[in-house]
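Asker: The structure that follows is given in the form of structure tokens.
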Amino acid sequence: MALTNEQLLAQACEARTHAYTPYSHFQVGAALLTKDGKVYQGCNIENAAYGPSVCAERTAFFKAVYEGERNFDRIAIVGGKEGSAPNQTCAPCGVCRQVMMEFCDPDRFCIILADGKGGCAEYTLREILPLGFGPQNLA
């Protein structure tokens with residue numbers, strides 16, 4: 001059975017509960033769906049030096065790649081202040097978009113963003129990274 005966007009967002013919400021955010025108190029969760037139906041969750045993890053911090057989306061991608069996955073369908077992302085429900089749209093940062101570009105077809109890979117009002121918006125990677133640089137640029 002294929003997961004709906006709402007089910008994937010629910011898994012992103014669960015992943016958000018694992019966030020480590022003692023500095024920004026802004027928690028993000030992501031749920032990455034592979035082409036064969038597996039889900040890899042990620043949360044943001046902060047560091048006092050800031051630079052070593054990692055986003056939820058990259059956590060999910062890196063877990064999946066470590067497990068041998070290379071074929072991805074979509075990712076759901078939720079975010080908001082610690083202690084509150086995911087109450088705003090939380091788009092992936094530029095670095096996360098670039099990681100997505102490494103592994104995903106920009107015209108087919110979908111990014112599902114909770115809108116903070118109980119709904120969601122869906123974008124392709126190309127829509128949010130129109131001039132992305134990927135492996136094909138090095139061919």
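Each chain of the structure tokens is named A, B, ... in the order shown, its residues numbered from 1; ligands are numbered from 1 in display order.
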Got a sec: who's within 8 Å of stretch 112-118 of chain A, counting only C-alpha atoms, leaving out chain neighbours fewer than 3 positions off, as a list in words?
Answerer: Asn5, Leu9, Arg74, Ile75, Ala76, Ile77, Val78, Pro86, Asn87, Gln88, Thr89, Cys90, Ala91, Ala121, Glu122 and Tyr123 of chain A
Asker: I'd like the neighbourhood of A:Ala2 as a list in words, where a residue qualifies if any of its atoms comes within 12 Å (using only C-alpha atoms), though same-chain residues fewer than 2 positions away should be ignored.
Answerer: Thr4, Asn5, Glu6, Gln7, Leu8, Leu33, Thr34, Lys35, Asp36, Gly37, Lys38, Val39, Asp73 and Arg74 of chain A
Asker: Could you save the residues just selected, with C-alpha atoms, as a CSV table (one decimal), in the first residue's frame?
Answerer:
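The new file result_19.csv reads:
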```csv
chain,number,residue,atom,x,y,z
A,4,THR,CA,-0.3,9.2,1.3
A,5,ASN,CA,1.2,12.6,1.7
A,6,GLU,CA,-0.7,12.9,5.0
A,7,GLN,CA,0.8,9.6,6.3
A,8,LEU,CA,4.3,10.7,5.3
A,33,LEU,CA,10.1,7.8,1.1
A,34,THR,CA,12.1,5.4,-1.2
A,35,LYS,CA,10.7,4.1,-4.5
A,36,ASP,CA,10.2,0.7,-2.9
A,37,GLY,CA,8.2,2.1,0.0
A,38,LYS,CA,10.7,2.3,2.8
A,39,VAL,CA,10.6,5.5,5.0
A,73,ASP,CA,10.2,9.2,-4.4
A,74,ARG,CA,9.4,12.1,-2.0
```
Asker: Write out as an NGL selection string the set of residues from stretch 29-87 of chain A that DSSP, computed on the backbone, places in helix (DSSP H, G or I).
Answerer: :A and (56-66)
Asker: Name all residues at most 10 Å from A:Tyr23 (count only C-alpha atoms; drop same-chain ones fewer than 3 positions away) and give them as a ChimeraX atom specification.
Answerer: /A:20,26,46-48,50
Asker: Using only C-alpha atoms, determine which residues lie at most 12 Å from A:Gly42, disregarding the query and same-chain residues fewer than 6 positions distant; provide the list as a PyMOL selection string.
Answerer: chain A and resi 11-20+27-33+54-64+75-79
Asker: Would you mind telling me which residue in A:Val99, A:Ala49, A:Leu131, A:Leu125 lies nearest to A:Ile111 when using only C-alpha atoms?
Answerer: A:Leu125
Asker: Name the residues of stretch 5-125 of chain A that fall into strand (DSSP E) according to DSSP on the backbone, using the chain letters and numbers of this document, as a ChimeraX atom specification.
Answerer: /A:26-34,39-43,72-81,110-114,120-124
Asker: Include N, CA and C atoms and write out the residues we just selected as a short mmCIF file (atom, residue, chain, number, x, y, z; two decimals), in the first residue's frame.
Answerer:
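part_32.cif, written as the output of this step:
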```cif
data_model
loop_
_atom_site.label_atom_id
_atom_site.label_comp_id
_atom_site.auth_asym_id
_atom_site.auth_seq_id
_atom_site.Cartn_x
_atom_site.Cartn_y
_atom_site.Cartn_z
N PHE A 26 14.04 25.51 17.38
CA PHE A 26 13.23 25.31 16.18
C PHE A 26 13.44 23.88 15.72
N GLN A 27 12.39 23.07 15.82
CA GLN A 27 12.50 21.64 15.56
C GLN A 27 11.93 21.28 14.19
N VAL A 28 12.69 20.47 13.47
CA VAL A 28 12.29 20.04 12.14
C VAL A 28 12.32 18.52 12.08
N GLY A 29 11.35 17.96 11.39
CA GLY A 29 11.30 16.52 11.15
C GLY A 29 11.12 16.27 9.67
N ALA A 30 11.69 15.18 9.20
CA ALA A 30 11.56 14.80 7.80
C ALA A 30 11.31 13.31 7.70
N ALA A 31 10.55 12.94 6.67
CA ALA A 31 10.31 11.52 6.37
C ALA A 31 10.54 11.35 4.87
N LEU A 32 11.55 10.56 4.53
CA LEU A 32 11.98 10.34 3.16
C LEU A 32 11.47 8.98 2.69
N LEU A 33 10.72 8.98 1.60
CA LEU A 33 10.14 7.75 1.06
C LEU A 33 10.96 7.28 -0.14
N THR A 34 11.37 6.01 -0.09
CA THR A 34 12.10 5.42 -1.21
C THR A 34 11.10 4.93 -2.26
N VAL A 39 10.59 4.09 4.52
CA VAL A 39 10.64 5.46 5.02
C VAL A 39 11.85 5.61 5.93
N TYR A 40 12.59 6.66 5.72
CA TYR A 40 13.73 7.03 6.57
C TYR A 40 13.41 8.38 7.19
N GLN A 41 13.43 8.42 8.52
CA GLN A 41 13.12 9.65 9.23
C GLN A 41 14.40 10.38 9.62
N GLY A 42 14.28 11.68 9.78
CA GLY A 42 15.39 12.49 10.24
C GLY A 42 14.90 13.68 11.03
N CYS A 43 15.76 14.18 11.90
CA CYS A 43 15.46 15.39 12.67
C CYS A 43 16.68 16.29 12.62
N PHE A 72 14.70 7.50 -4.63
CA PHE A 72 13.79 8.19 -3.73
C PHE A 72 12.58 8.75 -4.47
N ASP A 73 11.45 8.73 -3.80
CA ASP A 73 10.19 9.20 -4.37
C ASP A 73 9.84 10.61 -3.91
N ARG A 74 9.83 10.80 -2.58
CA ARG A 74 9.44 12.10 -2.03
C ARG A 74 9.87 12.22 -0.58
N ILE A 75 9.80 13.46 -0.11
CA ILE A 75 10.15 13.73 1.29
C ILE A 75 9.10 14.67 1.86
N ALA A 76 8.71 14.43 3.10
CA ALA A 76 7.80 15.31 3.82
C ALA A 76 8.58 16.02 4.91
N ILE A 77 8.30 17.31 5.09
CA ILE A 77 9.05 18.14 6.04
C ILE A 77 8.08 18.96 6.87
N VAL A 78 8.31 18.97 8.19
CA VAL A 78 7.51 19.79 9.11
C VAL A 78 8.46 20.54 10.03
N GLY A 79 8.02 21.69 10.51
CA GLY A 79 8.87 22.45 11.43
C GLY A 79 8.09 23.45 12.24
N GLY A 80 8.69 23.87 13.34
CA GLY A 80 8.10 24.88 14.20
C GLY A 80 8.87 24.98 15.50
N LYS A 81 8.51 25.97 16.27
CA LYS A 81 9.17 26.19 17.55
C LYS A 81 8.93 25.02 18.50
N CYS A 110 9.51 14.75 -5.29
CA CYS A 110 8.56 15.70 -4.70
C CYS A 110 8.92 16.04 -3.26
N ILE A 111 8.73 17.29 -2.94
CA ILE A 111 8.92 17.80 -1.58
C ILE A 111 7.55 18.20 -1.06
N ILE A 112 7.13 17.58 0.04
CA ILE A 112 5.83 17.83 0.65
C ILE A 112 6.07 18.69 1.89
N LEU A 113 5.50 19.88 1.91
CA LEU A 113 5.68 20.79 3.04
C LEU A 113 4.36 21.00 3.76
N ALA A 114 4.35 20.75 5.06
CA ALA A 114 3.17 21.07 5.86
C ALA A 114 2.99 22.58 5.81
N CYS A 120 -1.07 20.80 3.20
CA CYS A 120 0.29 20.70 2.71
C CYS A 120 0.38 21.22 1.28
N ALA A 121 1.59 21.50 0.87
CA ALA A 121 1.89 21.91 -0.50
C ALA A 121 2.93 20.96 -1.05
N GLU A 122 2.86 20.70 -2.34
CA GLU A 122 3.78 19.77 -2.98
C GLU A 122 4.53 20.48 -4.10
N TYR A 123 5.84 20.29 -4.11
CA TYR A 123 6.70 20.90 -5.12
C TYR A 123 7.64 19.85 -5.68
N THR A 124 8.07 20.03 -6.91
CA THR A 124 9.15 19.20 -7.41
C THR A 124 10.46 19.85 -6.97
#
```
Asker: What separation in Å, quoted to one decimal, exists between atom CA of A:Arg70 and atom CA of A:Phe103?
Answerer: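 Between these atoms lies a distance of 6.4 Å.
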Asker: With distances taken over only C-alpha atoms, which residue among A:Met100, A:Asp105, A:Pro92, A:Gly51 lies nearest A:Gln136?
Answerer: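 Ranking A:Met100, A:Asp105, A:Pro92, A:Gly51 by distance to A:Gln136, first place goes to A:Asp105.
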Asker: Nearest to A:Arg126 among A:Asp107, A:Glu102, A:Glu67, A:Glu82, with distances taken over only C-alpha atoms: which residue is it?
Answerer: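 Of A:Asp107, A:Glu102, A:Glu67, A:Glu82, the one nearest A:Arg126 is A:Asp107, counting only C-alpha atoms.
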